[in-house]
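Coordinates as given in run.pdb (PDB, C-alpha atoms and all ligand atoms):
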ATOM      1  CA  MET R   3      -7.344 -55.286  86.372
ATOM      2  CA  LYS R   4      -6.795 -52.090  84.461
ATOM      3  CA  GLY R   5      -4.154 -50.813  82.151
ATOM      4  CA  HIS R   6      -1.877 -52.244  79.570
ATOM      5  CA  LYS R   7       1.142 -52.521  81.864
ATOM      6  CA  ALA R   8      -0.813 -54.484  84.459
ATOM      7  CA  PHE R   9      -2.182 -56.763  81.752
ATOM      8  CA  VAL R  10       1.293 -57.417  80.358
ATOM      9  CA  ALA R  11       2.777 -57.919  83.813
ATOM     10  CA  ALA R  12       0.145 -60.531  84.592
ATOM     11  CA  LEU R  13       0.745 -62.446  81.357
ATOM     12  CA  ASP R  14       2.916 -65.533  81.456
ATOM     13  CA  GLN R  15       4.670 -64.833  78.174
ATOM     14  CA  GLN R  16       6.786 -67.967  78.356
ATOM     15  CA  ALA R  17       3.688 -70.135  78.716
ATOM     16  CA  ILE R  18       2.192 -68.495  75.629
ATOM     17  CA  THR R  19       5.377 -68.881  73.590
ATOM     18  CA  ASP R  20       5.604 -72.531  74.643
ATOM     19  CA  ALA R  21       1.979 -73.090  73.616
ATOM     20  CA  ILE R  22       2.691 -71.555  70.195
ATOM     21  CA  LYS R  23       5.732 -73.804  69.760
ATOM     22  CA  ARG R  24       3.705 -76.872  70.676
ATOM     23  CA  ALA R  25       0.825 -75.911  68.377
ATOM     24  CA  GLU R  26       3.216 -75.266  65.491
ATOM     25  CA  GLY R  27       4.708 -78.695  66.126
ATOM     26  CA  ASN R  28       1.402 -80.180  64.975
ATOM     27  CA  CYS R  29       0.687 -78.063  61.926
ATOM     28  CA  SER R  30       2.388 -75.982  59.272
ATOM     29  CA  GLY R  31       0.499 -72.858  60.304
ATOM     30  CA  GLU R  32       2.121 -69.917  62.048
ATOM     31  CA  ILE R  33       0.419 -68.526  65.115
ATOM     32  CA  ARG R  34       1.183 -65.144  66.646
ATOM     33  CA  VAL R  35      -0.171 -63.287  69.649
ATOM     34  CA  HIS R  36      -0.053 -59.484  69.636
ATOM     35  CA  VAL R  37      -0.989 -57.213  72.535
ATOM     36  CA  GLN R  38      -1.497 -53.464  72.480
ATOM     37  CA  PRO R  39      -3.551 -51.200  74.760
ATOM     38  CA  LYS R  40      -6.304 -50.283  72.309
ATOM     39  CA  ALA R  41      -7.449 -50.865  68.757
ATOM     40  CA  TRP R  42      -6.352 -47.399  67.707
ATOM     41  CA  GLY R  43      -7.710 -45.860  64.553
ATOM     42  CA  GLY R  44     -10.511 -48.226  63.594
ATOM     43  CA  ASP R  45     -12.608 -51.183  64.591
ATOM     44  CA  ILE R  46     -10.694 -54.060  66.089
ATOM     45  CA  ASP R  47     -10.948 -56.299  63.016
ATOM     46  CA  THR R  48      -9.532 -53.597  60.758
ATOM     47  CA  VAL R  49      -6.720 -52.806  63.172
ATOM     48  CA  ALA R  50      -5.970 -56.507  63.596
ATOM     49  CA  ARG R  51      -5.769 -56.916  59.814
ATOM     50  CA  ARG R  52      -3.391 -53.956  59.593
ATOM     51  CA  THR R  53      -1.250 -55.441  62.359
ATOM     52  CA  PHE R  54      -1.276 -58.793  60.580
ATOM     53  CA  GLU R  55       0.330 -57.148  57.559
ATOM     54  CA  ARG R  56       2.698 -55.020  59.612
ATOM     55  CA  LEU R  57       4.034 -58.135  61.380
ATOM     56  CA  GLY R  58       4.806 -59.702  57.996
ATOM     57  CA  MET R  59       2.218 -62.402  58.541
ATOM     58  CA  THR R  60       1.023 -62.308  54.948
ATOM     59  CA  LYS R  61       4.416 -63.607  53.848
ATOM     60  CA  THR R  62       4.094 -67.260  54.882
ATOM     61  CA  ALA R  63       4.488 -69.753  52.039
ATOM     62  CA  LEU R  64       1.050 -71.333  52.491
ATOM     63  CA  ARG R  65      -0.640 -68.128  53.625
ATOM     64  CA  ASN R  66      -1.644 -69.900  56.794
ATOM     65  CA  GLY R  67      -0.743 -67.445  59.527
ATOM     66  CA  VAL R  68      -3.147 -66.886  62.412
ATOM     67  CA  LEU R  69      -3.098 -63.778  64.569
ATOM     68  CA  LEU R  70      -4.650 -63.393  67.976
ATOM     69  CA  PHE R  71      -4.824 -59.610  68.351
ATOM     70  CA  ILE R  72      -5.571 -58.359  71.857
ATOM     71  CA  ALA R  73      -6.533 -54.828  72.906
ATOM     72  CA  SER R  74      -5.502 -55.122  76.549
ATOM     73  CA  GLU R  75      -7.283 -52.098  77.991
ATOM     74  CA  GLU R  76     -10.499 -52.921  76.181
ATOM     75  CA  HIS R  77     -10.323 -56.604  77.075
ATOM     76  CA  ARG R  78     -11.210 -57.294  73.471
ATOM     77  CA  PHE R  79      -9.572 -59.420  70.845
ATOM     78  CA  ALA R  80      -9.784 -60.529  67.225
ATOM     79  CA  ILE R  81      -8.630 -63.796  65.702
ATOM     80  CA  LEU R  82      -7.866 -63.785  62.020
ATOM     81  CA  GLY R  83      -6.343 -66.157  59.537
ATOM     82  CA  ASP R  84      -4.573 -65.488  56.271
ATOM     83  CA  SER R  85      -6.061 -66.131  52.830
ATOM     84  CA  GLY R  86      -4.858 -69.756  52.653
ATOM     85  CA  ILE R  87      -7.009 -70.551  55.648
ATOM     86  CA  ASP R  88      -9.930 -68.361  54.663
ATOM     87  CA  GLN R  89     -10.204 -70.166  51.324
ATOM     88  CA  ILE R  90     -10.602 -73.515  53.087
ATOM     89  CA  VAL R  91     -12.537 -72.933  56.252
ATOM     90  CA  GLY R  92     -15.947 -71.419  56.753
ATOM     91  CA  GLY R  93     -16.797 -68.379  58.796
ATOM     92  CA  ASP R  94     -17.483 -70.510  61.873
ATOM     93  CA  PHE R  95     -13.918 -71.730  62.064
ATOM     94  CA  TRP R  96     -12.866 -69.397  64.845
ATOM     95  CA  ASN R  97     -16.163 -68.950  66.615
ATOM     96  CA  ALA R  98     -15.754 -71.701  69.191
ATOM     97  CA  ILE R  99     -12.237 -70.510  69.980
ATOM     98  CA  ALA R 100     -13.409 -66.915  70.287
ATOM     99  CA  ALA R 101     -16.380 -67.830  72.485
ATOM    100  CA  ARG R 102     -14.156 -69.715  74.904
ATOM    101  CA  LEU R 103     -11.603 -66.902  74.989
ATOM    102  CA  THR R 104     -14.323 -64.372  75.706
ATOM    103  CA  GLU R 105     -15.358 -66.431  78.738
ATOM    104  CA  GLN R 106     -11.796 -66.651  79.998
ATOM    105  CA  PHE R 107     -11.243 -62.921  79.548
ATOM    106  CA  LYS R 108     -14.400 -62.180  81.518
ATOM    107  CA  ALA R 109     -13.076 -64.420  84.294
ATOM    108  CA  GLY R 110      -9.720 -62.605  84.212
ATOM    109  CA  GLU R 111      -7.941 -65.765  83.069
ATOM    110  CA  PHE R 112      -5.863 -64.070  80.413
ATOM    111  CA  THR R 113      -2.857 -66.359  80.137
ATOM    112  CA  ARG R 114      -4.952 -69.497  80.383
ATOM    113  CA  GLY R 115      -7.415 -68.161  77.830
ATOM    114  CA  ILE R 116      -4.674 -67.275  75.370
ATOM    115  CA  VAL R 117      -2.875 -70.603  75.834
ATOM    116  CA  GLU R 118      -6.117 -72.505  75.241
ATOM    117  CA  ALA R 119      -6.909 -70.393  72.198
ATOM    118  CA  VAL R 120      -3.456 -71.095  70.755
ATOM    119  CA  GLU R 121      -3.885 -74.824  71.414
ATOM    120  CA  ALA R 122      -7.306 -74.790  69.798
ATOM    121  CA  CYS R 123      -5.899 -72.957  66.744
ATOM    122  CA  GLY R 124      -3.248 -75.646  66.442
ATOM    123  CA  GLU R 125      -5.906 -78.348  66.614
ATOM    124  CA  GLN R 126      -7.974 -76.662  63.929
ATOM    125  CA  LEU R 127      -4.999 -75.969  61.715
ATOM    126  CA  LYS R 128      -3.551 -79.443  61.721
ATOM    127  CA  THR R 129      -6.610 -80.803  59.902
ATOM    128  CA  HIS R 130      -6.039 -78.537  56.943
ATOM    129  CA  PHE R 131      -2.361 -77.751  57.328
ATOM    130  CA  PRO R 132      -0.667 -80.853  58.736
ATOM    131  CA  PHE R 133       2.863 -80.639  60.003
ATOM    132  CA  GLU R 134       5.421 -81.785  57.466
ATOM    133  CA  ARG R 135       9.011 -82.725  57.928
ATOM    134  CA  GLY R 136      11.336 -79.852  57.309
ATOM    135  CA  ASP R 137       8.756 -77.324  58.450
ATOM    136  CA  VAL R 138      10.201 -73.856  58.866
ATOM    137  CA  ASP R 139       9.353 -71.613  61.805
ATOM    138  CA  GLU R 140       8.461 -68.667  59.597
ATOM    139  CA  LEU R 141       7.371 -66.224  62.278
ATOM    140  CA  PRO R 142       8.602 -65.626  65.832
ATOM    141  CA  ASN R 143       6.740 -67.435  68.598
ATOM    142  CA  GLU R 144       7.192 -64.663  71.136
ATOM    143  CA  VAL R 145       4.309 -62.383  72.049
ATOM    144  CA  SER R 146       4.420 -59.136  70.076
ATOM    145  CA  PHE R 147       3.716 -55.847  71.852
ATOM    146  CA  ASP R 148       3.007 -52.325  70.725
ATOM    147  CA  ASP R 149       2.580 -49.763  73.475
ATOM    148  CA  SER R 150       4.060 -46.888  71.521
ATOM    149  CA  ARG R 151       0.928 -44.792  71.935
ATOM    150  CA  GLN R 152       0.386 -45.772  75.505
ATOM    151  CA  ASP R 153       0.746 -42.284  76.944
ATOM    152  CA  GLU R 154      -1.434 -40.450  74.453
ATOM    153  CA  HIS R 155      -4.891 -41.347  75.613
TER     154      HIS R 155
HETATM  155 CA    CA Z 201       5.838 -73.419  60.507
HETATM  156 CA    CA Z 202       6.261 -69.582  64.615
END

Starting from the coordinates I provided, produce the structure as structure tokens.
Ligand code: CA
Ligand code: CA
Amino acid sequence: MKGHKAFVAALDQQAITDAIKRAEGNCSGEIRVHVQPKAWGGDIDTVARRTFERLGMTKTALRNGVLLFIASEEHRFAILGDSGIDQIVGGDFWNAIAARLTEQFKAGEFTRGIVEAVEACGEQLKTHFPFERGDVDELPNEVSFDDSRQDEH
């Protein structure tokens, strides 16, 4: 499968949003999935970090947002957590999730891979950031897209 539009068309966005809702029902963390064609203007980790800030994800009360940033046409992704998470967990925290997602991407199982990654994030987060009564949904659960530069390449 090639192209951002084909990637987006093949995604089951509702399934991803539902997975985020379920995961956030188990922890206080906020999970977001963002898809854009390429990691424009830098390496994917830098661009993901920039996107993290642009989406307002540094504004959660406990600084426990997690972003799954996907460059659809490169079939690459980055998973990053905010400072509240980074202070607690080691560098290996996301490795198992990332390894599994890499496998799923290679197999073309994009929705399933993303849903499983979201579920795994929720599992990891609830250890350190358990759900508490009165939890606020601080960030939207819908998949975020940016294809504004889609026609430039
Ligand atoms: Ca929340
Ligand atoms: Ca949310």

Which protein, DNA or RNA residues have an atom within 9 Å of ligand CA 201 (chain Z), counting only C-alpha atoms and all ligand atoms, as a list in words? Glu26, Gly27, Cys29, Ser30, Gly31, Glu32, Ile33, Thr62, Gly67, Phe133, Glu134, Asp137, Val138, Asp139, Glu140 and Leu141 of chain R

Using the chain letters and numbering of this document, enumerate as a list in words the residues selected by the PyMOL selection byres (((chain R and resi 36) around 7) and not hetatm).
Arg34, Val35, Val37, Gln38, Leu70, Phe71, Ile72, Val145, Ser146 and Phe147 of chain R

task = Using all atoms listed in the file, find all polymer residues with an atom at most 12 Å away from the point (-0.6, -79.1, 67.4); report them as a ChimeraX atom specification.
result = /R:20-33,118-134

note - CA of Asn97 (chain R) and CA of Gly5 (chain R) are separated by 26.7 Å

(request) Would you translate the PyMOL selection byres (((chain R and resi 102) around 10) and not hetatm) into the concrete set of residues it matches in this file, as a count of residues only? (result) 15

Work out how far CA of Gly110 (chain R) is from CA of Ser74 (chain R), in Å to one decimal.
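CA of Ser74 (chain R) sits 11.5 Å away from CA of Gly110 (chain R).
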
For Ala50 (chain R), the closest of R:Leu64, R:Asp84, R:Gly136, R:Thr19 counting all atoms listed in the file is R:Asp84

Evaluate the PyMOL selection byres (((chain R and resi 85) around 9) and not hetatm) on the structure here and hand back the selected residues as a PyMOL selection string.
chain R and resi 60+64-67+83-84+86-90

- Message: Between CA of Gly92 (chain R) and CA of Pro142 (chain R), what distance in Å does the model show, to one decimal?
- Response: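 Spanning CA of Gly92 (chain R) to CA of Pro142 (chain R) is a straight-line distance of 26.8 Å.
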
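The residue that comes closest to ligand CA 202 (chain Z), out of R:Met59, R:Ala109, R:Ile81, R:Ala8 and on the basis of all atoms listed in the file, is R:Met59.
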
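Distances here use only C-alpha atoms and all ligand atoms; by that measure, the residue among R:Ala80, R:Ile46, R:Ala73, R:Ile18 closest to ligand CA 202 (chain Z) is R:Ile18.
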
Quick one: of R:Leu82, R:Leu69, R:Val10, R:Ala17, who's nearest to ligand CA 202 (chain Z), counting only C-alpha atoms and all ligand atoms?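 Ranked by minimum distance to ligand CA 202 (chain Z), first place goes to R:Leu69.
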
Atom completion result for region 132-145 of chain R (N, CA, C and O atoms) as a compact mmCIF listing (two decimals), in the frame of the given file:
# COMPACT_ATOMS: atom_id res chain seq x y z
N PRO R 132 -1.43 -79.94 57.88
CA PRO R 132 -0.67 -80.85 58.74
C PRO R 132 0.81 -80.50 58.76
O PRO R 132 1.35 -79.93 57.80
N PHE R 133 1.42 -80.85 59.87
CA PHE R 133 2.86 -80.64 60.00
C PHE R 133 3.59 -81.53 59.01
O PHE R 133 3.24 -82.68 58.83
N GLU R 134 4.61 -80.98 58.38
CA GLU R 134 5.42 -81.78 57.47
C GLU R 134 6.87 -81.68 57.86
O GLU R 134 7.30 -80.65 58.39
N ARG R 135 7.59 -82.74 57.60
CA ARG R 135 9.01 -82.72 57.93
C ARG R 135 9.71 -81.58 57.22
O ARG R 135 9.39 -81.27 56.07
N GLY R 136 10.63 -80.98 57.90
CA GLY R 136 11.34 -79.85 57.31
C GLY R 136 10.58 -78.54 57.44
O GLY R 136 10.92 -77.56 56.80
N ASP R 137 9.53 -78.55 58.26
CA ASP R 137 8.76 -77.32 58.45
C ASP R 137 9.67 -76.20 58.97
O ASP R 137 10.55 -76.43 59.79
N VAL R 138 9.42 -75.02 58.45
CA VAL R 138 10.20 -73.86 58.87
C VAL R 138 9.38 -73.02 59.84
O VAL R 138 8.18 -72.84 59.63
N ASP R 139 10.02 -72.55 60.90
CA ASP R 139 9.35 -71.61 61.80
C ASP R 139 9.45 -70.24 61.17
O ASP R 139 10.44 -69.53 61.30
N GLU R 140 8.40 -69.86 60.44
CA GLU R 140 8.46 -68.67 59.60
C GLU R 140 8.29 -67.36 60.36
O GLU R 140 8.69 -66.30 59.88
N LEU R 141 7.62 -67.44 61.50
CA LEU R 141 7.37 -66.22 62.28
C LEU R 141 7.71 -66.47 63.74
O LEU R 141 7.52 -67.57 64.24
N PRO R 142 8.20 -65.46 64.43
CA PRO R 142 8.60 -65.63 65.83
C PRO R 142 7.44 -66.13 66.69
O PRO R 142 6.29 -65.80 66.44
N ASN R 143 7.77 -66.89 67.71
CA ASN R 143 6.74 -67.44 68.60
C ASN R 143 6.50 -66.55 69.82
O ASN R 143 5.56 -66.79 70.59
N GLU R 144 7.33 -65.55 69.99
CA GLU R 144 7.19 -64.66 71.14
C GLU R 144 5.99 -63.74 70.96
O GLU R 144 5.62 -63.39 69.83
N VAL R 145 5.41 -63.34 72.08
CA VAL R 145 4.31 -62.38 72.05
C VAL R 145 4.83 -61.05 71.53
O VAL R 145 5.92 -60.61 71.89
